[in-house]
Each structure stands twice: as structure tokens, then as C-alpha cells.
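These notes concern the structure reproduced below.
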Amino acid sequence: MAAVLTAWAFFRRDFRNDISYRLSFLLEILNILLTLASFYFLSKLLGERVSGRYAPFPFLLLGMAVNGYMNTALYCFSQSIRGNQQVGVLKALLATPLSPLGFVFYSSLYPLFRAALDALVYLAGGMLLGVSLAQMNLFPALVLFVLSVLAFAGIGILSATFALVFKKGDPLLWVVGGLSWLLGGVFYPLEVLPPLLRQAAALLPITHALSGMRMAILEGASLAAVAPQIAALSLFAAIGLPVSLLLFLAGMRWTRASGSLGHF
Amino acid sequence: MSAAAISVRHLSKSFPSAGFLQGVFRPGSAAGREVLSDINLEIEAGEIFGLLGPNGAGKTTLVEILATLLLPSAGEARIRGYDVVRDVAGTRRQVGYCPAVADSFYPRLNAVENLEFFALLHQLSTRQAGGRIAYLLDLVGLAGVRGAAFQKLSQGMKQRLALARALLADPPVLLLDEPSKSLDPLLQIEIWRFLRDTLSKKMGKTILLVTHSLAEAASVCDRLAIIHSGKIVAVGTVAEVQQALGGGDLAAAFERAVGQASGDAMGGGC
């Protein structure tokens, strides 16, 4: 019950803050639809098939949707630290009975919910532009979604630790975000990359999230068929989350020792 | 368990000079600038205790240690028996904290929405929170601006909202860091009366009040400590402090205490 109340407190705070910028809320949705339309026309230049399996527009559609929620999962943790520091709330917030780990977890709920909604807007927009999702296998897609969010969250929490300690979380995210953009298969299939870069791509969670999602949503792949992607994402989450949480706690302890909790 | 509401023993605080990695992996190497030195205090339940001192004396550092936001370097502090380092959650349930900076709310949420958020973090149900917030806004005179965005409130209103937040969970101990800092004289007097008559006498709260104001300390506090360069230089009732520091009014006593401590520090450095 206590956890539900706290989750509700954070969710409602972020929702209220979000809708207080009404125009921005609507413009973000419009931006998704305009981006989709641009890629729809661009995809007409790309021929019949990408990587021998997918039509270009559905391929790009999934790339953008997954890249969108990956970015949210990467950025929302450090944003919660920096945002609360900048409005001067962090100290007041951490003087309540809320634990630092609780703060990190609950702060991510609304941004991840919004990211899931944005992903749905992408898919709905794609359907309006003729993409068929009739073959989608929902259960494996949901499992992949949850695991990929957990895998991305490990990096996101690490970035929050950077924000806490070094007052800057972005350098880590620029590297991960840039590499994911370049090697993850967001806009083009991995087959176009040189072999060495293709191997490097396997070290990024988005590579596995994207290939699994495309299989589950566009081809209707079963849970067994996406087992390699599920295993890879589970491994990223199993290693990344505990390591990043331990580092976050060490970072929090350090800021309490150094008196830099409210600095940014 | 100590009988005192707030008990501080041999508390010292140094801010580390080393970086994060060195501090985490070689904690002993991180000692640096000392801002509190061997502080000892016992504050009784229901007492208003003032911490008076010049800028940089270590007042806020002490309050932030008691609020569990900072870790001490040595010594111990307990709030109603809860150790502020070993039992952080227990301590936080005993304490209402009002930071020195009044701009410590979400600017686009209104007064009620801001308080609702913090009330739920204190595990008040939505229903309990509604009643408590209405009561507190009335108590601090903000019922008329309950729906106004925080960023549109005056500095005095923000300060009073921070006071209302500290009272949300009805904690027995209040840590108030300059709660009347930006208020006009009339509002200051109103806040002093509120602290003394309502919070202390009527509700029985223990209050640790950080202040720069000699008038506030003299008017509100049952006892006070003068703190300078991280050390307590005098402690007691206003009359006791004045007497201990050679008589005269509080201003003269304060000036002597701070001047003397500065002189000692300078002498020690030569």
C-alpha cells in the first residue's frame, strides 16, 4: 500500500507538471506524426525489402519507436536528479522517509509510461500510413519491452550517478545514445555494417531489443523464436541493474559526505 | 534511548577534499576542511532551541546532519533516540525539515498539489492528506492562495508553504533553517508568534531554529547556542548566554562571542 501511494504521488506530480505545458504536450505528439510522415516518404526511395525480411517503412517505424523509449529510459533517471536539484526540491524530497533507491525507481514511472504511450502513437501512426500489425504477437513483444526497459535502465541509473557525483550525466548518454544510433540497427539493418562493427553492435542492448521487437511485432515471432534476444536483454539487466544501483548508492553516500547533494 | 528530543555528542564534520573515487575506495584519505568541531547539545522535548551565528558558522551543516542529508565525520546525533546515521528512515519519521531556501517546490504545481506530493511521501492517504493540507494552509494563512502556482507566490508565502510542508506528517521535532528570512517585519512577528504559541506551547513541538536574527533568537527561543567557526561558544537561556559572555544585551554578547572566537582562531594560527 505504501509503495502504491508513493508511486501515485510521483506519477501524479509528473502528470500535472506535464499537462501544465499543454501546447508542448500536443506538439510532441504532432512531432511524432510529422517525423513518421517524413520517414514514410523517405522509405519509398528504399526499394521493396530491408535485409530481405521487412518493408522499409515498418522497419523504420519499429526503429524509431524502440529508439524513442530507449532514450527515455536512458535519460529519465539523470533528469530526475538534475530536475529536482535545479528547482531546489532534492533536499526536501530526500528528507522525507523515501529511500534514494525508491526516489530513482518512482521518478522513472511517468517518463516510462509516456515513452510507452509515444511508442503506441508511433505504431498507431504507422497503421494509419498502411503498416499492418495483424501478425503481431503481443506477449513476446511485452516481455521484450519490459526487459529492454530494465536493460536500458541500468545505463540510465549509471548516468544518474554521474549527475549526482560529477553534476553532469550526459557524456555517458551521448556515447551510449550515439553508438546505439550508429550500430543498433535503428535506421538500417546490421548487415550493412562491417563485421567488426556488427560484433560491437551485439554489446548494445538496443540491438537485441530492436531485432526481437521487429520479429514479434512484424513477423509474429513466438517467445521461443525471440529467446536469444530475451536472454541477451536479461543478461544486460542482470548485470547492469545491480552494478548501477550499487554505484548510485555509493554516489548518494558520497554526496551526503561531501555536502554536494543540492549542487548542480 | 536518550530522554532528550535532540542529542548531539562530540559531533564533527569535515568536507572531504578528495574526489568521489578516492573518497569511496579510501575513505580515510578524504578528510578536508572542518566545518563543525566537537559539538555537544541536548535539546529537551517541547523546547525551542536557537542556533545563532554568523554566515559560514556551521549552523546549516548541523541542521542538515540532523535531517539526515549530510553524514557527520565523527561523533553521534540522535533524534528521539533514533541515530541519524544508522536509522535514517526512523529519524526522518520524527522530523519536519524546512530548508533555508524557500524555492524548494515544483514551480508549476500549485500550493495544494505541491503539498499533496509530499504528504503521500509521508504515507498519508489521499483522504488524510486532503484534510491535513486544508488545515495547514489555514494555519499558515495560505488558504486563499491554495490554487495558485508556486512560482506566482510571494517570497513570504513560499516560506510559509515550506513551514506547512514541514508540519505535514505532524512530526514531534522541527528543524527550521531561517524560516522567517525573507519576511517583512509584521510577518516575521506573526511567524515568531506561530512558532512560540502554536507549535511549541499548543502542539508541544521541539524546534531547532537556525537564525541570523538576534531579535528572533531573543523573542522566540527558550535556549540558544552561539556557534562560530564550527564551535559552540556559548549555550543557555538568553540571560545565561548574556551573563556568560560578560553581560550587556544579546547583541553585545554575540559580538563579543564571535569576536573572541575569531581572535582565538587567529591567535591559534600564528
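Lettering and numbering for the C-alpha cells are positional, with chains as A, B, ... in the shown order, residues counted from 1 in each chain, and ligands counted from 1 in the shown order.
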
As JSON, numbers by chain, please: all residues of range 139-176 of chain B that backbone DSSP puts in helix (DSSP H, G or I). {"B": [139, 143, 144, 145, 150, 151, 152, 155, 156, 157, 158, 159, 160, 161, 162, 163, 164, 165, 166]}

When you get a sec, could you note down which chain A residues fall within 6 Å of chain B, using only C-alpha atoms, as number ranges by chain? A: 6, 9, 88-89, 96-97, 256-258

Would you compute the distance between CA of Ile32 in chain A and CA of Arg53 in chain A? Give it in Å to one decimal. 25.0 Å

Spatial neighbours of range 44-46 of chain A, 9 Å, only C-alpha atoms, chain gap at least 4 places, as a ChimeraX atom specification: /A:39-40,50,55-57

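Here the residues within range 170-202 of chain B that DSSP labels strand (DSSP E or B) on the basis of the backbone are Val173, Leu174, Leu175, Leu176 and Asp177 of chain B.
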
Using C-alpha atoms, can you write the selected residues to a file as a short mmCIF file (atom, residue, chain, number, x, y, z; two decimals), in the first residue's frame?
data_model
loop_
_atom_site.label_atom_id
_atom_site.label_comp_id
_atom_site.auth_asym_id
_atom_site.auth_seq_id
_atom_site.Cartn_x
_atom_site.Cartn_y
_atom_site.Cartn_z
CA VAL B 173 10.65 17.62 16.01
CA LEU B 174 11.03 20.55 13.61
CA LEU B 175 14.31 21.61 12.05
CA LEU B 176 13.75 25.13 10.75
CA ASP B 177 16.53 26.82 8.83
#

Leu249 in chain A environment, 10 Å, only C-alpha atoms, sequence neighbours closer than 4 positions dropped, as a short mmCIF file (atom, residue, chain, number, x, y, z; two decimals) with C-alpha atoms, in the first residue's frame:
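Saved file around-v1.cif follows:
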data_model
loop_
_atom_site.label_atom_id
_atom_site.label_comp_id
_atom_site.auth_asym_id
_atom_site.auth_seq_id
_atom_site.Cartn_x
_atom_site.Cartn_y
_atom_site.Cartn_z
CA PRO A 100 17.25 7.02 -2.50
CA LEU A 101 16.52 3.85 -4.47
CA THR A 161 25.09 8.56 -10.55
CA SER A 244 24.37 0.69 -11.37
CA LEU A 245 22.24 0.59 -8.21
CA ARG A 253 26.65 8.38 0.22
CA TRP A 254 29.42 10.45 -1.29
CA THR A 255 27.18 13.47 -1.85
#

State, in Å with one decimal place, the distance from CA of Arg49 in chain A to CA of Glu191 in chain A.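 Separating CA of Arg49 in chain A from CA of Glu191 in chain A is a distance of 13.1 Å.
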
Determine, counting only C-alpha atoms, which protein, DNA and RNA residues have an atom within 7 Å of an atom of Val186 in chain A; residues of the same chain fewer than 2 positions away are not included. Present the result as an MDAnalysis selection string. chainID A and resid 60 63:64 67 181 184 188

Would you write out those residues with N, CA and C atoms, as a compact mmCIF listing (two decimals), in the first residue's frame?
# COMPACT_ATOMS: atom_id res chain seq x y z
N LEU A 60 11.65 1.03 -40.32
CA LEU A 60 11.98 2.33 -39.71
C LEU A 60 11.04 2.66 -38.55
N GLY A 63 12.15 0.94 -35.55
CA GLY A 63 13.42 1.54 -35.13
C GLY A 63 13.19 2.81 -34.34
N MET A 64 12.30 3.65 -34.85
CA MET A 64 12.05 4.93 -34.17
C MET A 64 11.32 4.73 -32.84
N ASN A 67 13.82 3.22 -30.35
CA ASN A 67 14.83 4.23 -30.04
C ASN A 67 14.25 5.31 -29.12
N TRP A 181 22.55 4.66 -31.94
CA TRP A 181 22.07 5.28 -33.19
C TRP A 181 22.87 4.72 -34.38
N GLY A 184 23.01 0.22 -33.63
CA GLY A 184 21.92 -0.59 -33.07
C GLY A 184 20.91 -1.10 -34.09
N TYR A 188 18.99 1.27 -40.29
CA TYR A 188 19.45 0.35 -41.34
C TYR A 188 19.78 -0.99 -40.69

Atom-to-atom span, CA of Gln85 in chain A and CA of Ala57 in chain B, Å: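 So the two atoms, CA of Gln85 in chain A and CA of Ala57 in chain B, lie 24.1 Å apart.
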
Find the spatial neighbours of Phe49 in chain B, counting only C-alpha atoms, within a cut-off of 7 Å - ignore same-chain residues fewer than 2 positions away - and output them as a PyMOL selection string. chain B and resi 43+47+51+207-209+221-224

Which residues are near Thr211 in chain B? Cut-off 9 Å, only C-alpha atoms, ignore same chain within fewer than 2 positions. Put them as a PyMOL selection string. chain B and resi 50-53+59+176-181+209+213-214+216-217

Nearest candidate to Phe11 in chain A (options A:Leu109, A:Leu197, A:Ala216, A:Val87; using only C-alpha atoms):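 So, comparing all the options, the nearest one is A:Leu109.
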
Looking at only C-alpha atoms, which of B:Asp184, B:Glu240, B:Asp138, B:Asp249 is the one that sits closest to Ala225 in chain B?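 With only C-alpha atoms as the atom set, the closest residue is B:Glu240.
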